[in-house]
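Coordinates as given in input.pdb (PDB, C-alpha atoms):
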```pdb
MODEL        1
ATOM      1  CA  MET A   1      11.751  67.516  59.673
ATOM      2  CA  ASN A   2      15.278  68.242  60.879
ATOM      3  CA  LEU A   3      16.006  70.263  63.973
ATOM      4  CA  PHE A   4      19.136  71.660  62.378
ATOM      5  CA  PRO A   5      19.524  72.596  58.727
ATOM      6  CA  ASN A   6      21.695  70.260  56.647
ATOM      7  CA  ARG A   7      24.233  71.452  54.082
ATOM      8  CA  GLN A   8      21.749  71.709  51.199
ATOM      9  CA  GLN A   9      19.299  73.631  53.354
ATOM     10  CA  ARG A  10      22.050  76.013  54.508
ATOM     11  CA  GLU A  11      22.994  76.597  50.864
ATOM     12  CA  GLU A  12      19.348  77.287  50.008
ATOM     13  CA  GLN A  13      19.154  79.686  52.946
ATOM     14  CA  ASP A  14      22.265  81.502  51.662
ATOM     15  CA  LEU A  15      20.862  81.580  48.125
ATOM     16  CA  LEU A  16      17.602  83.090  49.347
ATOM     17  CA  ALA A  17      19.507  85.610  51.487
ATOM     18  CA  LYS A  18      21.529  86.634  48.423
ATOM     19  CA  ALA A  19      18.414  86.958  46.257
ATOM     20  CA  VAL A  20      16.721  89.110  48.868
ATOM     21  CA  SER A  21      19.806  91.317  49.249
ATOM     22  CA  GLY A  22      19.614  92.084  45.513
ATOM     23  CA  ASP A  23      21.640  89.329  43.812
ATOM     24  CA  ARG A  24      20.037  88.874  40.386
ATOM     25  CA  PHE A  25      21.686  85.510  39.655
ATOM     26  CA  ALA A  26      20.506  84.040  42.943
ATOM     27  CA  SER A  27      16.940  85.149  42.261
ATOM     28  CA  GLN A  28      17.097  83.683  38.744
ATOM     29  CA  GLU A  29      18.330  80.369  40.112
ATOM     30  CA  ILE A  30      15.505  80.216  42.641
ATOM     31  CA  ILE A  31      12.849  81.139  40.077
ATOM     32  CA  ARG A  32      14.167  78.595  37.543
ATOM     33  CA  SER A  33      14.322  75.775  40.051
ATOM     34  CA  LEU A  34      10.964  76.351  41.735
ATOM     35  CA  SER A  35       8.583  77.865  39.196
ATOM     36  CA  PRO A  36       7.929  74.922  36.774
ATOM     37  CA  SER A  37       6.921  72.406  39.457
ATOM     38  CA  ALA A  38       5.037  75.032  41.461
ATOM     39  CA  TYR A  39       3.094  76.055  38.338
ATOM     40  CA  SER A  40       2.286  72.408  37.580
ATOM     41  CA  LEU A  41       1.047  71.861  41.144
ATOM     42  CA  ALA A  42      -1.021  75.045  41.063
ATOM     43  CA  TRP A  43      -2.493  74.215  37.648
ATOM     44  CA  LYS A  44      -3.540  70.745  38.735
ATOM     45  CA  MET A  45      -5.032  72.288  41.824
ATOM     46  CA  VAL A  46      -6.900  75.277  40.422
ATOM     47  CA  GLY A  47      -7.388  74.043  36.840
ATOM     48  CA  ARG A  48      -6.888  77.373  35.047
ATOM     49  CA  LYS A  49      -3.720  78.784  33.519
ATOM     50  CA  GLU A  50      -4.384  82.369  34.646
ATOM     51  CA  ASP A  51      -5.201  81.311  38.205
ATOM     52  CA  ALA A  52      -2.142  79.036  38.415
ATOM     53  CA  GLU A  53       0.120  81.841  37.146
ATOM     54  CA  ASP A  54      -1.372  84.321  39.616
ATOM     55  CA  VAL A  55      -0.870  81.870  42.477
ATOM     56  CA  VAL A  56       2.788  81.255  41.600
ATOM     57  CA  GLN A  57       3.458  84.984  41.125
ATOM     58  CA  GLU A  58       1.891  85.789  44.487
ATOM     59  CA  ALA A  59       3.814  82.904  46.093
ATOM     60  CA  PHE A  60       7.140  84.305  44.859
ATOM     61  CA  ILE A  61       6.304  87.799  46.125
ATOM     62  CA  ARG A  62       5.524  86.264  49.523
ATOM     63  CA  LEU A  63       8.762  84.271  49.403
ATOM     64  CA  TRP A  64      10.821  87.433  48.808
ATOM     65  CA  LYS A  65       8.944  89.367  51.468
ATOM     66  CA  SER A  66       8.992  86.649  54.123
ATOM     67  CA  SER A  67      12.472  85.280  53.473
ATOM     68  CA  GLY A  68      13.344  85.886  57.123
ATOM     69  CA  SER A  69      10.791  83.229  58.147
ATOM     70  CA  PHE A  70      12.662  80.547  56.201
ATOM     71  CA  SER A  71      14.699  78.893  58.929
ATOM     72  CA  GLY A  72      16.257  76.213  56.713
ATOM     73  CA  LYS A  73      14.809  73.400  58.836
ATOM     74  CA  ALA A  74      12.820  72.153  55.832
ATOM     75  CA  SER A  75      13.945  72.465  52.210
ATOM     76  CA  LEU A  76      13.207  75.662  50.298
ATOM     77  CA  ARG A  77      11.003  73.600  47.979
ATOM     78  CA  THR A  78       8.809  72.395  50.884
ATOM     79  CA  TYR A  79       8.650  75.937  52.257
ATOM     80  CA  PHE A  80       7.635  77.297  48.844
ATOM     81  CA  TYR A  81       5.035  74.572  48.232
ATOM     82  CA  ALA A  82       3.514  75.481  51.575
ATOM     83  CA  ILE A  83       2.996  79.026  50.294
ATOM     84  CA  VAL A  84       1.663  77.781  46.927
ATOM     85  CA  SER A  85      -0.717  75.249  48.491
ATOM     86  CA  ASN A  86      -2.102  77.812  50.925
ATOM     87  CA  LEU A  87      -2.682  80.309  48.133
ATOM     88  CA  CYS A  88      -4.400  77.616  46.023
ATOM     89  CA  LEU A  89      -6.627  76.708  48.946
ATOM     90  CA  ASP A  90      -7.469  80.391  49.550
ATOM     91  CA  ARG A  91      -8.350  80.842  45.885
ATOM     92  CA  LEU A  92     -10.511  77.731  45.760
ATOM     93  CA  ARG A  93     -12.166  78.723  49.015
ATOM     94  CA  ALA A  94     -12.978  82.149  47.583
ATOM     95  CA  ASN A  95     -14.277  80.669  44.325
ATOM     96  CA  SER A  96     -16.432  77.941  45.835
ATOM     97  CA  LYS A  97     -17.543  78.677  49.342
ATOM     98  CA  GLY A  98     -18.831  75.646  51.227
ATOM     99  CA  ALA A  99     -16.977  73.158  49.046
ATOM    100  CA  PHE A 100     -14.531  72.429  51.834
ATOM    101  CA  GLU A 101     -14.791  69.408  54.007
ATOM    102  CA  GLU A 102     -13.237  69.191  57.434
ATOM    103  CA  PHE A 103     -11.414  66.027  58.346
ATOM    104  CA  ASN A 104     -11.543  65.502  62.041
ATOM    105  CA  GLU A 105     -13.075  62.030  62.156
ATOM    106  CA  PHE A 106     -10.921  58.937  62.014
ATOM    107  CA  GLU A 107     -13.224  56.095  61.063
ATOM    108  CA  HIS A 108     -10.824  54.647  58.458
ATOM    109  CA  ALA A 109      -7.532  52.867  58.821
ATOM    110  CA  SER A 110      -5.615  55.888  57.506
ATOM    111  CA  GLY A 111      -2.265  54.149  57.107
ATOM    112  CA  ALA A 112      -3.654  51.463  54.804
ATOM    113  CA  SER A 113      -2.611  51.569  51.151
ATOM    114  CA  VAL A 114      -5.054  51.654  48.269
ATOM    115  CA  ASP A 115      -4.396  49.425  45.266
ATOM    116  CA  LEU A 116      -5.461  50.875  41.933
ATOM    117  CA  GLY A 117      -4.616  47.735  39.991
ATOM    118  CA  VAL A 118      -1.508  46.985  37.964
ATOM    119  CA  GLU A 119      -0.570  49.307  35.072
ATOM    120  CA  CYS A 120      -3.999  50.847  34.658
ATOM    121  CA  GLN A 121      -4.973  53.406  32.034
ATOM    122  CA  TRP A 122      -8.043  55.589  31.770
ATOM    123  CA  ASP A 123      -9.197  58.334  29.448
ATOM    124  CA  VAL A 124      -8.058  61.826  30.396
ATOM    125  CA  ALA A 125     -11.720  62.877  30.706
ATOM    126  CA  GLU A 126     -12.427  60.027  33.132
ATOM    127  CA  ILE A 127      -9.463  61.007  35.295
ATOM    128  CA  GLN A 128     -10.460  64.659  35.139
ATOM    129  CA  LEU A 129     -13.977  63.803  36.322
ATOM    130  CA  ALA A 130     -12.646  61.567  39.094
ATOM    131  CA  ILE A 131     -10.278  64.319  40.269
ATOM    132  CA  GLU A 132     -13.121  66.824  40.302
ATOM    133  CA  THR A 133     -15.003  64.699  42.823
ATOM    134  CA  LEU A 134     -12.200  65.251  45.362
ATOM    135  CA  SER A 135     -12.427  68.156  47.753
ATOM    136  CA  ALA A 136      -9.833  70.904  47.386
ATOM    137  CA  LYS A 137      -7.876  69.685  50.409
ATOM    138  CA  GLN A 138      -7.945  66.073  49.225
ATOM    139  CA  ARG A 139      -6.736  67.155  45.786
ATOM    140  CA  MET A 140      -3.950  69.255  47.249
ATOM    141  CA  ALA A 141      -2.817  66.502  49.610
ATOM    142  CA  ILE A 142      -2.710  63.800  46.941
ATOM    143  CA  LEU A 143      -0.922  66.085  44.452
ATOM    144  CA  MET A 144       1.721  66.999  46.996
ATOM    145  CA  TRP A 145       2.132  63.364  48.012
ATOM    146  CA  VAL A 146       2.475  62.079  44.435
ATOM    147  CA  TYR A 147       4.360  64.890  42.705
ATOM    148  CA  GLN A 148       6.422  66.571  45.367
ATOM    149  CA  ASP A 149       7.208  63.276  47.076
ATOM    150  CA  LEU A 150       6.390  64.849  50.415
ATOM    151  CA  THR A 151       5.661  62.755  53.486
ATOM    152  CA  ALA A 152       2.388  63.105  55.391
ATOM    153  CA  ALA A 153       4.242  65.123  58.042
ATOM    154  CA  GLU A 154       5.609  67.533  55.414
ATOM    155  CA  ILE A 155       2.183  67.891  53.760
ATOM    156  CA  ALA A 156       0.700  68.569  57.184
ATOM    157  CA  LYS A 157       3.250  71.338  57.717
ATOM    158  CA  ALA A 158       2.564  72.806  54.274
ATOM    159  CA  MET A 159      -1.213  72.755  54.766
ATOM    160  CA  GLY A 160      -1.213  73.818  58.399
ATOM    161  CA  MET A 161      -2.810  70.568  59.598
ATOM    162  CA  ASN A 162      -1.715  67.739  61.852
ATOM    163  CA  LYS A 163      -0.200  64.509  60.507
ATOM    164  CA  ASN A 164      -3.139  62.291  61.489
ATOM    165  CA  SER A 165      -5.578  64.527  59.605
ATOM    166  CA  VAL A 166      -3.350  64.369  56.522
ATOM    167  CA  ASP A 167      -3.104  60.563  56.741
ATOM    168  CA  GLN A 168      -6.895  60.479  56.845
ATOM    169  CA  LEU A 169      -7.179  63.027  54.030
ATOM    170  CA  LEU A 170      -4.831  61.034  51.802
ATOM    171  CA  PHE A 171      -6.584  57.746  52.495
ATOM    172  CA  ARG A 172      -9.983  59.248  51.659
ATOM    173  CA  ALA A 173      -8.630  60.895  48.499
ATOM    174  CA  LYS A 174      -7.129  57.624  47.261
ATOM    175  CA  MET A 175     -10.271  55.655  48.073
ATOM    176  CA  LYS A 176     -12.489  58.200  46.369
ATOM    177  CA  LEU A 177     -10.313  58.231  43.248
ATOM    178  CA  LYS A 178     -10.316  54.440  43.101
ATOM    179  CA  VAL A 179     -14.106  54.254  43.509
ATOM    180  CA  GLU A 180     -14.727  56.972  40.920
ATOM    181  CA  LEU A 181     -12.362  55.387  38.403
ATOM    182  CA  GLU A 182     -13.965  51.978  38.921
ATOM    183  CA  LYS A 183     -17.379  53.558  38.360
ATOM    184  CA  LYS A 184     -16.196  55.169  35.140
ATOM    185  CA  GLY A 185     -15.639  52.030  33.157
ATOM    186  CA  GLY A 186     -13.783  49.944  35.717
ATOM    187  CA  ILE A 187     -10.106  49.275  36.152
ATOM    188  CA  ARG A 188      -8.596  48.252  32.871
ATOM    189  CA  GLU A 189      -5.250  46.574  32.648
ATOM    190  CA  LEU A 190      -2.781  47.456  29.941
ATOM    191  CA  LYS A 191      -1.934  44.744  27.479
TER     192      LYS A 191
ATOM    193  CA  MET B   1       2.399  54.013  52.085
ATOM    194  CA  SER B   2       4.213  51.855  49.592
ATOM    195  CA  SER B   3       6.170  53.266  46.680
ATOM    196  CA  ASN B   4       4.202  50.991  44.366
ATOM    197  CA  GLU B   5       0.992  52.642  45.506
ATOM    198  CA  LYS B   6       2.476  56.077  44.804
ATOM    199  CA  LYS B   7       3.627  54.869  41.377
ATOM    200  CA  GLN B   8       0.092  53.780  40.469
ATOM    201  CA  PHE B   9      -1.383  57.155  41.446
ATOM    202  CA  LEU B  10       1.430  58.966  39.637
ATOM    203  CA  GLN B  11       0.589  56.965  36.509
ATOM    204  CA  VAL B  12      -3.042  58.080  36.751
ATOM    205  CA  LEU B  13      -2.390  61.720  37.581
ATOM    206  CA  ASP B  14       0.353  61.995  34.954
ATOM    207  CA  GLN B  15      -2.289  61.524  32.295
ATOM    208  CA  LEU B  16      -3.781  64.891  33.237
ATOM    209  CA  PRO B  17      -2.380  67.413  30.766
ATOM    210  CA  VAL B  18      -0.963  70.660  32.215
ATOM    211  CA  GLN B  19      -1.531  73.756  30.111
ATOM    212  CA  GLU B  20       1.762  75.540  29.361
ATOM    213  CA  PRO B  21       2.253  78.873  31.157
ATOM    214  CA  SER B  22       2.368  82.122  29.165
ATOM    215  CA  VAL B  23       5.559  82.973  27.278
ATOM    216  CA  TYR B  24       6.244  85.923  29.576
ATOM    217  CA  PHE B  25       5.408  84.088  32.794
ATOM    218  CA  GLU B  26       9.009  83.635  33.976
ATOM    219  CA  GLN B  27       9.830  87.189  32.918
ATOM    220  CA  ARG B  28       6.944  88.462  35.058
ATOM    221  CA  LEU B  29       8.390  86.560  38.035
ATOM    222  CA  HIS B  30      11.739  88.329  37.533
ATOM    223  CA  GLN B  31       9.992  91.704  37.235
ATOM    224  CA  ASP B  32       8.126  91.009  40.470
ATOM    225  CA  TRP B  33      11.464  90.250  42.167
ATOM    226  CA  GLU B  34      12.896  93.542  40.866
ATOM    227  CA  ARG B  35       9.868  95.491  42.079
ATOM    228  CA  THR B  36       9.864  93.786  45.481
ATOM    229  CA  ILE B  37      13.584  93.655  46.200
ATOM    230  CA  LEU B  38      15.421  96.294  44.202
ATOM    231  CA  ASN B  39      12.947  98.990  45.239
ATOM    232  CA  ARG B  40      13.219  97.877  48.853
ATOM    233  CA  VAL B  41      17.024  97.664  49.088
ATOM    234  CA  PRO B  42      18.317 101.268  49.403
ATOM    235  CA  LYS B  43      21.289 101.733  47.108
ATOM    236  CA  LYS B  44      23.166 103.933  49.622
ATOM    237  CA  HIS B  45      23.381 101.175  52.227
ATOM    238  CA  TYR B  46      26.601  99.657  50.921
ATOM    239  CA  LEU B  47      27.836  98.903  54.425
ATOM    240  CA  SER B  48      24.818  96.769  55.360
ATOM    241  CA  SER B  49      25.096  94.940  51.995
ATOM    242  CA  ALA B  50      28.785  94.289  52.710
ATOM    243  CA  ILE B  51      27.933  92.973  56.190
ATOM    244  CA  ALA B  52      25.216  90.732  54.755
ATOM    245  CA  LEU B  53      27.660  89.446  52.138
ATOM    246  CA  ALA B  54      30.329  88.874  54.792
ATOM    247  CA  LYS B  55      27.843  86.906  56.882
ATOM    248  CA  THR B  56      26.954  84.726  53.919
ATOM    249  CA  HIS B  57      30.572  83.981  52.996
ATOM    250  CA  ARG B  58      32.187  83.598  56.401
ATOM    251  CA  ARG B  59      35.211  81.564  55.276
ATOM    252  CA  VAL B  60      36.115  83.990  52.498
ATOM    253  CA  THR B  61      35.734  86.903  54.918
ATOM    254  CA  ALA B  62      38.033  85.206  57.453
ATOM    255  CA  LEU B  63      40.604  84.515  54.722
ATOM    256  CA  LEU B  64      40.458  88.117  53.498
ATOM    257  CA  GLY B  65      40.849  89.350  57.068
ATOM    258  CA  MET B  66      43.959  87.209  57.542
ATOM    259  CA  VAL B  67      45.444  88.448  54.255
ATOM    260  CA  VAL B  68      44.834  92.086  55.249
ATOM    261  CA  ILE B  69      46.394  91.595  58.716
ATOM    262  CA  THR B  70      49.477  89.804  57.284
ATOM    263  CA  ALA B  71      49.909  92.467  54.597
ATOM    264  CA  SER B  72      49.678  95.291  57.134
ATOM    265  CA  ILE B  73      52.261  93.622  59.425
ATOM    266  CA  LEU B  74      54.654  93.138  56.510
ATOM    267  CA  LEU B  75      54.139  96.709  55.304
ATOM    268  CA  SER B  76      54.730  98.246  58.738
ATOM    269  CA  HIS B  77      57.827  96.097  59.142
ATOM    270  CA  TYR B  78      59.101  97.259  55.751
ATOM    271  CA  ALA B  79      58.263 100.899  56.524
ATOM    272  CA  LEU B  80      60.211 100.781  59.815
ATOM    273  CA  ASN B  81      63.204  99.130  58.144
ATOM    274  CA  SER B  82      63.273 101.601  55.290
ATOM    275  CA  GLN B  83      63.047 104.519  57.744
ATOM    276  CA  GLU B  84      66.119 103.234  59.617
ATOM    277  CA  GLU B  85      67.913 102.777  56.312
ATOM    278  CA  ASP B  86      67.128 106.383  55.321
ATOM    279  CA  LEU B  87      68.421 107.698  58.611
ATOM    280  CA  ARG B  88      71.634 105.697  58.183
ATOM    281  CA  GLN B  89      72.127 107.092  54.695
ATOM    282  CA  ILE B  90      71.570 110.645  55.936
ATOM    283  CA  ASP B  91      74.127 110.063  58.717
ATOM    284  CA  THR B  92      76.663 108.706  56.240
ATOM    285  CA  LEU B  93      76.137 111.638  53.883
ATOM    286  CA  SER B  94      76.430 114.204  56.652
ATOM    287  CA  GLU B  95      79.624 112.537  57.927
ATOM    288  CA  LEU B  96      80.973 112.537  54.391
ATOM    289  CA  SER B  97      80.134 116.182  53.868
ATOM    290  CA  LEU B  98      81.711 117.106  57.227
ATOM    291  CA  SER B  99      84.889 115.242  56.401
ATOM    292  CA  THR B 100      85.023 116.968  53.005
ATOM    293  CA  ILE B 101      84.777 120.373  54.722
TER     294      ILE B 101
ENDMDL
END
```
What's the structure tokens form of this structure?
Amino acid sequence: MNLFPNRQQREEQDLLAKAVSGDRFASQEIIRSLSPSAYSLAWKMVGRKEDAEDVVQEAFIRLWKSSGSFSGKASLRTYFYAIVSNLCLDRLRANSKGAFEEFNEFEHASGASVDLGVECQWDVAEIQLAIETLSAKQRMAILMWVYQDLTAAEIAKAMGMNKNSVDQLLFRAKMKLKVELEKKGGIRELK
Amino acid sequence: MSSNEKKQFLQVLDQLPVQEPSVYFEQRLHQDWERTILNRVPKKHYLSSAIALAKTHRRVTALLGMVVITASILLSHYALNSQEEDLRQIDTLSELSLSTI
């Protein structure tokens, strides 16, 4: 995280300011640049088209309403994903109460990497089942890490957690995925 | 966390198909913006919009300010000169008319 906004972040801040002051083109640019990846993240998180669309719609309304809170210290994308991820978590929490784990213990070496094997391929159903074994927070953290290329510190900011908890969360998510995929037919290498 | 590790997980998660959003999804996002912003921004507040715009484009505002100041200096200079010229012409005419009489 930067203490002072860089040029791109200042431009994003200006673009958001324009959109909020009624500039149609600025709002279109923001919607076009953020909505596809945000929808994809939300869909992979909540698993239903209608829910993912609702989450993204609500996230944009919050973005317009809380534009003053965007300081430009992180990118607009990170700021927006924070809104999307929180809304996804709220929705999942409401849909499945008690399905949330807390991650305060640190019994694993959280910085260690997890090797899935070289050029592996599984059936979509196997992956789907493996993903479903992850808790909502684990799923969100791993999706943000893989797709949005966010660092643990950025994910922590987006999810309102501390960096150590996110390191732990990511490590557990990767381990769980690996174990589940190995269970479901083992790691197969591509020919 | 190595990039190779991320690549492996990306390869796995990429196999999950994402259902396409509705045809009118993006349009709904634009409508939401209109409802949230255009209804909130009062149309009569042109001055505050102009100030907001000026704050966003500071360099252009400074340039415009300089152009306006230069133009006003040149205009006042011209106006003073032309006034003196008029007075001189009036003097000449009155002298001419007096000499004719």
Legend entry - Å distance separating CA of Asp90 in chain A from CA of Ser40 in chain A, one decimal place: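 Result for CA of Asp90 in chain A versus CA of Ser40 in chain A: 17.4 Å, one decimal.
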Inset, instruction - Can you check which residues of chain A have any atom within 9 Å of chain B? Use all atoms listed in the file and format it as an MDAnalysis selection string. - result: chainID A and resid 14:15 17:22 24 27:28 31:32 35:36 39:40 43:44 47:50 52:53 56:57 60:61 64:65 111:125 127:128 131 142:143 145:147 149 174
Output for the residues just chosen: C-alpha atoms as a PDB file, keeping the file's coordinate frame:
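File written: out-v2.pdb
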```pdb
ATOM      1  CA  ASP A  14      22.265  81.502  51.662  1.00  0.00           C
ATOM      2  CA  LEU A  15      20.862  81.580  48.125  1.00  0.00           C
ATOM      3  CA  ALA A  17      19.507  85.610  51.487  1.00  0.00           C
ATOM      4  CA  LYS A  18      21.529  86.634  48.423  1.00  0.00           C
ATOM      5  CA  ALA A  19      18.414  86.958  46.257  1.00  0.00           C
ATOM      6  CA  VAL A  20      16.721  89.110  48.868  1.00  0.00           C
ATOM      7  CA  SER A  21      19.806  91.317  49.249  1.00  0.00           C
ATOM      8  CA  GLY A  22      19.614  92.084  45.513  1.00  0.00           C
ATOM      9  CA  ARG A  24      20.037  88.874  40.386  1.00  0.00           C
ATOM     10  CA  SER A  27      16.940  85.149  42.261  1.00  0.00           C
ATOM     11  CA  GLN A  28      17.097  83.683  38.744  1.00  0.00           C
ATOM     12  CA  ILE A  31      12.849  81.139  40.077  1.00  0.00           C
ATOM     13  CA  ARG A  32      14.167  78.595  37.543  1.00  0.00           C
ATOM     14  CA  SER A  35       8.583  77.865  39.196  1.00  0.00           C
ATOM     15  CA  PRO A  36       7.929  74.922  36.774  1.00  0.00           C
ATOM     16  CA  TYR A  39       3.094  76.055  38.338  1.00  0.00           C
ATOM     17  CA  SER A  40       2.286  72.408  37.580  1.00  0.00           C
ATOM     18  CA  TRP A  43      -2.493  74.215  37.648  1.00  0.00           C
ATOM     19  CA  LYS A  44      -3.540  70.745  38.735  1.00  0.00           C
ATOM     20  CA  GLY A  47      -7.388  74.043  36.840  1.00  0.00           C
ATOM     21  CA  ARG A  48      -6.888  77.373  35.047  1.00  0.00           C
ATOM     22  CA  LYS A  49      -3.720  78.784  33.519  1.00  0.00           C
ATOM     23  CA  GLU A  50      -4.384  82.369  34.646  1.00  0.00           C
ATOM     24  CA  ALA A  52      -2.142  79.036  38.415  1.00  0.00           C
ATOM     25  CA  GLU A  53       0.120  81.841  37.146  1.00  0.00           C
ATOM     26  CA  VAL A  56       2.788  81.255  41.600  1.00  0.00           C
ATOM     27  CA  GLN A  57       3.458  84.984  41.125  1.00  0.00           C
ATOM     28  CA  PHE A  60       7.140  84.305  44.859  1.00  0.00           C
ATOM     29  CA  ILE A  61       6.304  87.799  46.125  1.00  0.00           C
ATOM     30  CA  TRP A  64      10.821  87.433  48.808  1.00  0.00           C
ATOM     31  CA  LYS A  65       8.944  89.367  51.468  1.00  0.00           C
ATOM     32  CA  GLY A 111      -2.265  54.149  57.107  1.00  0.00           C
ATOM     33  CA  ALA A 112      -3.654  51.463  54.804  1.00  0.00           C
ATOM     34  CA  SER A 113      -2.611  51.569  51.151  1.00  0.00           C
ATOM     35  CA  VAL A 114      -5.054  51.654  48.269  1.00  0.00           C
ATOM     36  CA  ASP A 115      -4.396  49.425  45.266  1.00  0.00           C
ATOM     37  CA  LEU A 116      -5.461  50.875  41.933  1.00  0.00           C
ATOM     38  CA  GLY A 117      -4.616  47.735  39.991  1.00  0.00           C
ATOM     39  CA  VAL A 118      -1.508  46.985  37.964  1.00  0.00           C
ATOM     40  CA  GLU A 119      -0.570  49.307  35.072  1.00  0.00           C
ATOM     41  CA  CYS A 120      -3.999  50.847  34.658  1.00  0.00           C
ATOM     42  CA  GLN A 121      -4.973  53.406  32.034  1.00  0.00           C
ATOM     43  CA  TRP A 122      -8.043  55.589  31.770  1.00  0.00           C
ATOM     44  CA  ASP A 123      -9.197  58.334  29.448  1.00  0.00           C
ATOM     45  CA  VAL A 124      -8.058  61.826  30.396  1.00  0.00           C
ATOM     46  CA  ALA A 125     -11.720  62.877  30.706  1.00  0.00           C
ATOM     47  CA  ILE A 127      -9.463  61.007  35.295  1.00  0.00           C
ATOM     48  CA  GLN A 128     -10.460  64.659  35.139  1.00  0.00           C
ATOM     49  CA  ILE A 131     -10.278  64.319  40.269  1.00  0.00           C
ATOM     50  CA  ILE A 142      -2.710  63.800  46.941  1.00  0.00           C
ATOM     51  CA  LEU A 143      -0.922  66.085  44.452  1.00  0.00           C
ATOM     52  CA  TRP A 145       2.132  63.364  48.012  1.00  0.00           C
ATOM     53  CA  VAL A 146       2.475  62.079  44.435  1.00  0.00           C
ATOM     54  CA  TYR A 147       4.360  64.890  42.705  1.00  0.00           C
ATOM     55  CA  ASP A 149       7.208  63.276  47.076  1.00  0.00           C
ATOM     56  CA  LYS A 174      -7.129  57.624  47.261  1.00  0.00           C
TER      57      LYS A 174
END
```
Inset, instruction - Enumerate, as JSON, numbers by chain, the residues matched when the PyMOL selection byres ((chain A and resi 169) around 9) is run on the file above. - result: {"A": [103, 110, 137, 138, 141, 142, 164, 165, 166, 167, 168, 170, 171, 172, 173, 174]}
Inset, instruction - Run the PyMOL selection byres ((chain A and resi 84) around 10) on the file and write out the hits as JSON, numbers by chain. - result: {"A": [38, 39, 41, 42, 52, 55, 56, 57, 58, 59, 60, 62, 63, 78, 79, 80, 81, 82, 83, 85, 86, 87, 88, 89, 90, 158, 159]}
Inset, instruction - Quote the spacing between CA of Arg59 in chain B and CA of Gln13 in chain A in Å to one decimal place. - result: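 CA of Gln13 in chain A lies 16.3 Å from CA of Arg59 in chain B.
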Inset, instruction - Rounded to one decimal place, report the CA of Ser33 in chain A-CA of Arg77 in chain A distance in Å. - result: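 Answer for the CA of Ser33 in chain A to CA of Arg77 in chain A separation: 8.9 Å.
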Residue rebuild result range 67-81 of chain B, N, CA and C atoms as a compact mmCIF listing (two decimals), in the coordinates of the input:
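Listed below is the output, rebuild-v8.txt:
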```txt
# COMPACT_ATOMS: atom_id res chain seq x y z
N VAL B 67 44.56 87.88 55.28
CA VAL B 67 45.44 88.45 54.26
C VAL B 67 45.73 89.91 54.57
N VAL B 68 44.68 90.66 54.95
CA VAL B 68 44.83 92.09 55.25
C VAL B 68 45.76 92.28 56.46
N ILE B 69 45.56 91.47 57.50
CA ILE B 69 46.39 91.60 58.72
C ILE B 69 47.86 91.28 58.40
N THR B 70 48.10 90.18 57.65
CA THR B 70 49.48 89.80 57.28
C THR B 70 50.13 90.90 56.45
N ALA B 71 49.36 91.42 55.47
CA ALA B 71 49.91 92.47 54.60
C ALA B 71 50.26 93.71 55.40
N SER B 72 49.40 94.08 56.35
CA SER B 72 49.68 95.29 57.13
C SER B 72 50.90 95.11 58.04
N ILE B 73 51.08 93.90 58.59
CA ILE B 73 52.26 93.62 59.42
C ILE B 73 53.53 93.74 58.58
N LEU B 74 53.48 93.11 57.40
CA LEU B 74 54.65 93.14 56.51
C LEU B 74 54.99 94.56 56.08
N LEU B 75 53.94 95.33 55.76
CA LEU B 75 54.14 96.71 55.30
C LEU B 75 54.74 97.58 56.41
N SER B 76 54.21 97.43 57.63
CA SER B 76 54.73 98.25 58.74
C SER B 76 56.19 97.88 59.03
N HIS B 77 56.46 96.57 58.94
CA HIS B 77 57.83 96.10 59.14
C HIS B 77 58.77 96.72 58.11
N TYR B 78 58.31 96.71 56.86
CA TYR B 78 59.10 97.26 55.75
C TYR B 78 59.31 98.77 55.94
N ALA B 79 58.22 99.44 56.34
CA ALA B 79 58.26 100.90 56.52
C ALA B 79 59.28 101.27 57.61
N LEU B 80 59.26 100.52 58.72
CA LEU B 80 60.21 100.78 59.82
C LEU B 80 61.65 100.58 59.35
N ASN B 81 61.86 99.45 58.65
CA ASN B 81 63.20 99.13 58.14
C ASN B 81 63.71 100.20 57.20
```
